[in-house]
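S.K.: Have a look at this one before I ask anything.
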Protein chains: 2
Amino acid sequence: MAKRLYILSSGAGGVDFMTLEARKAIEECEVVVSYVKYAKELKELLIGKEIYTSGMTKEIDRCKEAIESARSGKTTAIISNGDVNVYGMATLVVELVDEMDLWDEIEVITIAGVTSFLAVASRVGAPVSQDFAIISLSDRLTDKELIKKRVRLALEGDFVIGIYNPKSKTRVEPYRDFLKELSKVDDRPVVIASNVGRAKERVTITNSQDLIDKDIEHPDITMSTLILVGNSNTKLTKNGLLLTPRGYLNKYDLSGELKKD
Amino acid sequence: MAKRLYILSSGAGGVDFMTLEARKAIEECEVVVSYVKYAKELKELLIGKEIYTSGMTKEIDRCKEAIESARSGKTTAIISNGDVNVYGMATLVVELVDEMDLWDEIEVITIAGVTSFLAVASRVGAPVSQDFAIISLSDRLTDKELIKKRVRLALEGDFVIGIYNPKSKTRVEPYRDFLKELSKVDDRPVVIASNVGRAKERVTITNSQDLIDKDIEHPDITMSTLILVGNSNTKLTKNGLLLTPRGYLNKYDLSGELKKD
């Protein structure tokens, strides 16, 4: 039997955001490989397991550790916060397993999760509803010009937009480009969120003009902030949450009957 | 105390895709309102609860039922498959509660979930990795021209794309427009998926040319199919799964050190 390697989404936030599927996979594992912070959050699930943790920029180390652990015959999980496919560990694990051609040796199973964008959306009413685009502003692995182009096209298409990794202390240019594009369209509601599902959860509803005004000095925008930008129809509800209507109530009356012109 | 109304994501697929948060919320409820099919899937969680179900086009009825139930003092959940914010019930509930100005009377709590796009992605390697756009081809509430424009812009931005509600028996035009746009870019890997996480799960990896060739007669494309379109970098792995590289291994060598030019 091939040895199992789970690429596992722990969901945005703490243990409550995990799926049952993810919990069962962890139960089955002998070894869990994780970024330090997430291992701490999941510690009640990791009792009795062999745990390998490392820091922020050690992704390749963790992947290799997880692969070698599975190869040695131990059922292993490598953990990604949010969803593994959204700027998570899936790519690097699959890339390495493919590069080393280990497909016959290891059974790789991916477990989907709640991505931060949708966790944030759940805190502020119904901000998405319509088509949306997810963009990371990290230029560590993506060309700045391509990031800028994607922001421009997403705004042109009136997508609701989720921005991951907006800026770090040393990396501000893509964020500045993003603000420049944002200033070309009408003002719209914006959500700034961090640590959703965690004790330090912070969610602020504001607007694009506020982002533009505060520029790169905005105190709430860091590497781990998620920004949700509404589309041109997104509005505030009477209690200050967000709503992007789908036009349902324009077309149907409250009884559910098609309105007559 | 305000009465609670949960807008609850049941996750893509059966009970295993639900989060612990969603399960706890259901446990707390006296009344559960759901589309017939999802109530059947969750039946083990619904024992002893008052259940209100209705069919496909009865969304407004279900929302009103859920709202009235919460107003009458019963903790209530209205269930959406996948995530409630992705073409789910969040919009309509929030819109109705706002229209009727019931914010002081009902406490509305939204529970995020795993959306189908990410559930599908988890079945086929690491197809996302990069920025992505989610588009519904249903023109029931969205203008056909806007849908077409969004498809065009998403391809122009080289986003990985998730297509929801591709076509129905009577609604084929937006799907035809989508194929027209797809034929303007280079061939790329495509995933056609239905019923992910369910007994009838079906996931096929193919390419855009296959979609274009079979046109609107494609036997696998229905209203409940999800289509994932890779970007220009998405490729097949040695075992036939998908990988959209992030360029990590171009920039760093396998030891995790930055490569020197």
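Ligands are numbered from 1 in the order shown, residues from 1 within each chain, and chains are lettered A, B, ... in the order they appear in the structure tokens.
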Would you pick out the contacts of Asp101 in chain A at 9 Å or less, using only C-alpha atoms, so that residues sharing its chain but fewer than 5 positions from it are not included, and give the list as a PyMOL selection string?

M.R.: (chain A and resi 96) or (chain B and resi 238-239)

S.K.: With a cut-off of 6 Å and counting only C-alpha atoms, select all residues of chain A in contact with chain B and give the selection as an MDAnalysis selection string.

M.R.: chainID A and resid 16:21 60 85:87 90:91 110 112:114 119 122 126 128:129 131:135 141 150 153 157 247 256

S.K.: What residues in range 17-259 of chain B get the DSSP label helix (DSSP H, G or I)? Please answer as a PyMOL selection string.

M.R.: chain B and resi 17+20-28+36-41+43-45+59-71+90-99+116-121+144-156+173-182+208-217+248-251

S.K.: Expressed in Å to a single decimal, how great is the separation between CA of Met223 in chain B and CA of Ala193 in chain B?

M.R.: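 Taking CA of Met223 in chain B as the start and CA of Ala193 in chain B as the end point, the length is 11.3 Å.
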
S.K.: CA of Lys184 in chain B and CA of Asp215 in chain B, how far apart in Å?

M.R.: 14.6 Å

S.K.: Restricting the calculation to only C-alpha atoms, which member of B:Val203, B:Ala39, B:Val191, B:Ile216 is positioned closest to Arg176 in chain B?

M.R.: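 Closest candidate: B:Ile216.
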
S.K.: If you measure from CA of Lys167 in chain A to CA of Asp139 in chain A, what distance in Å do you get, rounded to one decimal?

M.R.: 9.6 Å

S.K.: Going by DSSP on the backbone, which residues of range 5-236 of chain B come out as strand (DSSP E)? List them as a PyMOL selection string.

M.R.: chain B and resi 5-9+31-35+50-54+76-80+106-111+125-126+132-136+160-164+189-194+202-207+226-229+235-236
